[in-house]
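Peer 1: If you scroll down you'll find the structure; I have some questions about it.
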Amino acid sequence: MSKYFPWRAANHIELLIDGDAFFPHIFSAVLNAKEYVIIEMYLVASGVLFEAFYDVLVEAISREVKIYWLLDDFGSLGLITKDRQRLTRLGVKLVLYNPLSIKRQRLTENLNRNHRKLFLIDGELAYIGGAGITDDFYNPNTRQALWHEVMLAVKGHVVVDWLALFKQTWGRFSDLPIQVSQPELKIHKLERSYLARLSFGSYFRDADIVRSLVKQIKKAQHRVWFATPYFLPSNKVRRVLRRAARKGVDVRLLLSSKYTDNRWVRYAGHRYYYRQLRDGVKIYEYQHRCLHAKMVLADSWVSIGSCNFDHWDLHWNLDANQEVKSGLFAEEVKQLFEQDFTNCKQFTLEEWLSRPWHKRLREWLFSVLGRLAIRIGR
Ligand SMILES: O=P(O)(O)OC[C@H](O)CO
């Protein structure tokens, strides 16, 4: 495989907003699978959604559909042993990514996690985004999605690359062969056809995903809108965002408010607000629900997937995003951002400068702790 994946033409990409939209879509695709389903997942927990997904897998396996599931051992700590055993008994080919162990030579190797999120059906349809299989994303009983998240339903040539990347990762952790037909690069006659590329990160050894982000931010002429629940980007990313704003590009950050599931990350991220605001970046905090979506819009370029572009992701995680170049698709993502901004509190520089001393102390403390945590793994 060449180092990076190329841009591929002839893809159809649908933006699915929140678990009540994408989980029924994914379930129906698995129920219609003919040969195999691949799942690569970080966050999984026992609960109502897992039970509903389990029932879908039972039906697929009864039709001899093969299920390959690469599960991150840390991200899925919430999946109780009984449920892991049920999957294996059912016939799911379940492989744990980097099982946690205290017997390692370097304990910090436990920090390397597979943060990717992928469902791939028959080499034809891939779902990519930031969701996990937990009741926060979707409760099929109440039909509610507590967390705000996006996934893409992707068809077309780029799906071949998602399969290749999965096979490579699977091969590093499992002796179980993957027996699936290689998808053909068919020329699809699509109503809307987008240019798309898979970008990935494998710890800091191969930071294609962040290199691509930096390049697109530098190129942007009009707009860079950046959503992440955990705003702890590298110095380089913070710098290019500020530079773009100083050049007159409309740079906006869509970040978590107090509704986050990780308060300390939010406090540490507050450390960066002052310089961003000073240089003209607009900062919005998403209200009333937990923001979990990871998406970037830079003019007609979009990147959506598992990557939060925070230090932790870039140092220790495997991540993968779907990049899309299309004015039409960018417009759709722009509309989603605009809708999200209406549910936000926007900070001004004056307001930020007048925050009380105890909040400043808190953000200083958590940013020091955050930097220390990053050093541990180096
Ligand atoms: O790492 P993420 O972005 O999948 O999110 C994980 C959850 O926040 C765990 O609390």
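Identifiers in the structure tokens: chain A, B, ... in order shown; residue index from 1 per chain; ligand index from 1 in order shown.
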Which neighbours of Ser193 of chain A fall inside 12 Å, counting only C-alpha atoms, when residues of the same chain fewer than 2 positions from it are skipped, and could you give them as a ChimeraX atom specification?

Peer 2: /A:8-14,154-158,187-191,195-196,324-329

Peer 1: Those same residues, written as an mmCIF file, in the first residue's frame with N, CA, C and O atoms?

Peer 2:
data_model
loop_
_atom_site.group_PDB
_atom_site.id
_atom_site.type_symbol
_atom_site.label_atom_id
_atom_site.label_comp_id
_atom_site.auth_asym_id
_atom_site.auth_seq_id
_atom_site.Cartn_x
_atom_site.Cartn_y
_atom_site.Cartn_z
ATOM 1 N N ARG A 8 -10.133 10.010 -4.708
ATOM 2 C CA ARG A 8 -10.849 9.132 -5.640
ATOM 3 C C ARG A 8 -12.154 9.782 -6.076
ATOM 4 O O ARG A 8 -12.851 10.392 -5.250
ATOM 5 N N ALA A 9 -12.448 9.607 -7.352
ATOM 6 C CA ALA A 9 -13.686 10.193 -7.890
ATOM 7 C C ALA A 9 -14.825 9.182 -7.723
ATOM 8 O O ALA A 9 -14.609 8.054 -7.284
ATOM 9 N N ALA A 10 -16.017 9.597 -8.104
ATOM 10 C CA ALA A 10 -17.201 8.720 -8.140
ATOM 11 C C ALA A 10 -17.561 8.135 -6.772
ATOM 12 O O ALA A 10 -17.519 6.930 -6.540
ATOM 13 N N ASN A 11 -17.861 9.020 -5.838
ATOM 14 C CA ASN A 11 -18.348 8.578 -4.524
ATOM 15 C C ASN A 11 -19.653 9.289 -4.220
ATOM 16 O O ASN A 11 -19.846 10.442 -4.604
ATOM 17 N N HIS A 12 -20.508 8.583 -3.503
ATOM 18 C CA HIS A 12 -21.725 9.224 -3.032
ATOM 19 C C HIS A 12 -21.651 9.281 -1.514
ATOM 20 O O HIS A 12 -21.367 8.270 -0.866
ATOM 21 N N ILE A 13 -21.891 10.458 -0.959
ATOM 22 C CA ILE A 13 -21.717 10.615 0.489
ATOM 23 C C ILE A 13 -22.930 11.311 1.089
ATOM 24 O O ILE A 13 -23.332 12.383 0.640
ATOM 25 N N GLU A 14 -23.495 10.659 2.085
ATOM 26 C CA GLU A 14 -24.675 11.216 2.728
ATOM 27 C C GLU A 14 -24.316 11.597 4.162
ATOM 28 O O GLU A 14 -23.698 10.810 4.887
ATOM 29 N N VAL A 154 -21.081 6.262 3.068
ATOM 30 C CA VAL A 154 -20.214 6.456 1.903
ATOM 31 C C VAL A 154 -20.298 5.263 0.955
ATOM 32 O O VAL A 154 -20.133 4.113 1.377
ATOM 33 N N LYS A 155 -20.550 5.565 -0.312
ATOM 34 C CA LYS A 155 -20.509 4.523 -1.346
ATOM 35 C C LYS A 155 -19.536 4.986 -2.419
ATOM 36 O O LYS A 155 -19.378 6.192 -2.616
ATOM 37 N N GLY A 156 -18.933 4.039 -3.149
ATOM 38 C CA GLY A 156 -18.075 4.440 -4.264
ATOM 39 C C GLY A 156 -16.642 3.978 -4.087
ATOM 40 O O GLY A 156 -16.331 3.161 -3.221
ATOM 41 N N HIS A 157 -15.764 4.529 -4.899
ATOM 42 C CA HIS A 157 -14.387 4.029 -4.986
ATOM 43 C C HIS A 157 -13.605 4.102 -3.684
ATOM 44 O O HIS A 157 -12.757 3.268 -3.402
ATOM 45 N N VAL A 158 -13.897 5.128 -2.875
ATOM 46 C CA VAL A 158 -13.094 5.329 -1.667
ATOM 47 C C VAL A 158 -13.308 4.207 -0.644
ATOM 48 O O VAL A 158 -12.467 3.971 0.219
ATOM 49 N N ILE A 187 -17.486 1.885 -12.051
ATOM 50 C CA ILE A 187 -17.846 3.285 -12.300
ATOM 51 C C ILE A 187 -19.325 3.428 -11.954
ATOM 52 O O ILE A 187 -20.191 2.858 -12.596
ATOM 53 N N HIS A 188 -19.581 4.136 -10.879
ATOM 54 C CA HIS A 188 -20.969 4.291 -10.436
ATOM 55 C C HIS A 188 -21.617 5.446 -11.181
ATOM 56 O O HIS A 188 -21.006 6.498 -11.360
ATOM 57 N N LYS A 189 -22.854 5.235 -11.571
ATOM 58 C CA LYS A 189 -23.601 6.354 -12.157
ATOM 59 C C LYS A 189 -24.347 7.014 -11.005
ATOM 60 O O LYS A 189 -25.354 6.511 -10.535
ATOM 61 N N LEU A 190 -23.803 8.067 -10.512
ATOM 62 C CA LEU A 190 -24.366 8.685 -9.325
ATOM 63 C C LEU A 190 -24.976 10.033 -9.662
ATOM 64 O O LEU A 190 -24.457 10.779 -10.483
ATOM 65 N N GLU A 191 -26.051 10.292 -8.960
ATOM 66 C CA GLU A 191 -26.715 11.578 -9.149
ATOM 67 C C GLU A 191 -25.777 12.711 -8.739
ATOM 68 O O GLU A 191 -25.608 13.706 -9.416
ATOM 69 N N LEU A 195 -15.533 13.925 -4.938
ATOM 70 C CA LEU A 195 -14.135 13.515 -4.768
ATOM 71 C C LEU A 195 -13.929 13.223 -3.291
ATOM 72 O O LEU A 195 -14.322 14.034 -2.444
ATOM 73 N N ALA A 196 -13.306 12.090 -2.996
ATOM 74 C CA ALA A 196 -13.140 11.745 -1.580
ATOM 75 C C ALA A 196 -11.801 11.069 -1.345
ATOM 76 O O ALA A 196 -11.241 10.435 -2.247
ATOM 77 N N VAL A 324 -13.670 15.099 1.899
ATOM 78 C CA VAL A 324 -14.508 15.261 0.705
ATOM 79 C C VAL A 324 -14.209 16.633 0.118
ATOM 80 O O VAL A 324 -14.063 17.610 0.858
ATOM 81 N N LYS A 325 -14.071 16.686 -1.218
ATOM 82 C CA LYS A 325 -13.909 17.980 -1.875
ATOM 83 C C LYS A 325 -15.104 18.184 -2.782
ATOM 84 O O LYS A 325 -15.244 17.495 -3.801
ATOM 85 N N SER A 326 -15.996 19.075 -2.394
ATOM 86 C CA SER A 326 -17.187 19.306 -3.201
ATOM 87 C C SER A 326 -17.902 20.543 -2.678
ATOM 88 O O SER A 326 -18.176 20.638 -1.470
ATOM 89 N N GLY A 327 -18.223 21.452 -3.565
ATOM 90 C CA GLY A 327 -18.961 22.644 -3.169
ATOM 91 C C GLY A 327 -20.331 22.279 -2.608
ATOM 92 O O GLY A 327 -20.774 22.839 -1.608
ATOM 93 N N LEU A 328 -20.978 21.306 -3.255
ATOM 94 C CA LEU A 328 -22.329 20.901 -2.827
ATOM 95 C C LEU A 328 -22.324 20.294 -1.427
ATOM 96 O O LEU A 328 -23.145 20.632 -0.583
ATOM 97 N N PHE A 329 -21.370 19.391 -1.210
ATOM 98 C CA PHE A 329 -21.308 18.732 0.091
ATOM 99 C C PHE A 329 -20.891 19.737 1.167
ATOM 100 O O PHE A 329 -21.417 19.732 2.284
#

Peer 1: Neighbours of ligand 1 at 9 Å or closer, counting only C-alpha atoms and all ligand atoms: which residues, as an MDAnalysis selection string?

Peer 2: chainID A and resid 42:43 75 115:117 130:132 228:230 260:262 292:294 306:308 313

Peer 1: Would you pick out the contacts of Tyr203 of chain A at 6 Å or less, using only C-alpha atoms, so that residues sharing its chain but fewer than 2 positions from it are not included, and give the list as a list in words?

Peer 2: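 Result of the neighbour search: Gly201, Arg205, Leu314, His315, Trp316 and Asn317 of chain A.
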
Peer 1: As number ranges by chain, please: every residue in segment 92-319 of chain A that DSSP puts in strand (DSSP E or B).

Peer 2: A: 93-97, 113-114, 118-121, 125-129, 133, 139, 144, 147-148, 150-156, 194-202, 204, 206, 223-227, 250-256, 282-286, 290-291, 295-298, 301-305, 317-319

Peer 1: Name the closest residue to Glu331 of chain A among the candidates A:Ile128, A:Leu94, A:Cys344, A:Leu15; distances are taken between atoms, counting only C-alpha atoms.

Peer 2: A:Leu15

Peer 1: Just list the residues in segment 63-158 of chain A DSSP gives alpha helix (DSSP H) on the backbone, as a PyMOL selection string.

Peer 2: chain A and resi 81-90

Peer 1: With distances taken over only C-alpha atoms, which residue among A:Ala45, A:Val368, A:Val92, A:Leu297 lies nearest Glu64 of chain A?

Peer 2: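 That would be A:Val92, the residue with the smallest distance to Glu64 of chain A.
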
Peer 1: Have a look at A:His270, A:Arg86, A:Ser367, A:Ala373 and name the one nearest to Arg355 of chain A; count only C-alpha atoms.

Peer 2: A:His270

Peer 1: Hey, which bits of segment 110-223 of chain A sit within 9 Å of segment 26-35 of chain A, and for each residue what's the closest pair of atoms and how far apart in Å (one decimal), counting only C-alpha atoms, rows by chain and increasing number, as a Markdown table?

Peer 2:
| residue | atom | partner | partner_atom | distance |
| --- | --- | --- | --- | --- |
| A:Phe119 | CA | A:Ile26 | CA | 7.8 |
| A:Leu120 | CA | A:Val30 | CA | 9.0 |
| A:Ile121 | CA | A:Ala33 | CA | 6.2 |
| A:Asp122 | CA | A:Glu35 | CA | 5.7 |
| A:Leu125 | CA | A:Ala29 | CA | 8.3 |
| A:Tyr127 | CA | A:Ile26 | CA | 7.5 |
| A:Ala153 | CA | A:Ile26 | CA | 8.6 |
| A:Val180 | CA | A:Glu35 | CA | 7.6 |
| A:Ser181 | CA | A:Glu35 | CA | 8.4 |

Peer 1: Using C-alpha atoms, can you export the residues from the last selection as a compact mmCIF listing (two decimals), in the first residue's frame?

Peer 2:
# COMPACT_ATOMS: atom_id res chain seq x y z
CA PHE A 119 -18.95 0.02 9.80
CA LEU A 120 -18.25 -1.51 6.37
CA ILE A 121 -20.80 -3.62 4.55
CA ASP A 122 -19.93 -5.93 1.64
CA LEU A 125 -21.04 0.89 1.89
CA TYR A 127 -20.22 4.46 7.72
CA ALA A 153 -22.79 6.92 4.66
CA VAL A 180 -13.90 -11.23 1.91
CA SER A 181 -14.26 -10.54 -1.80
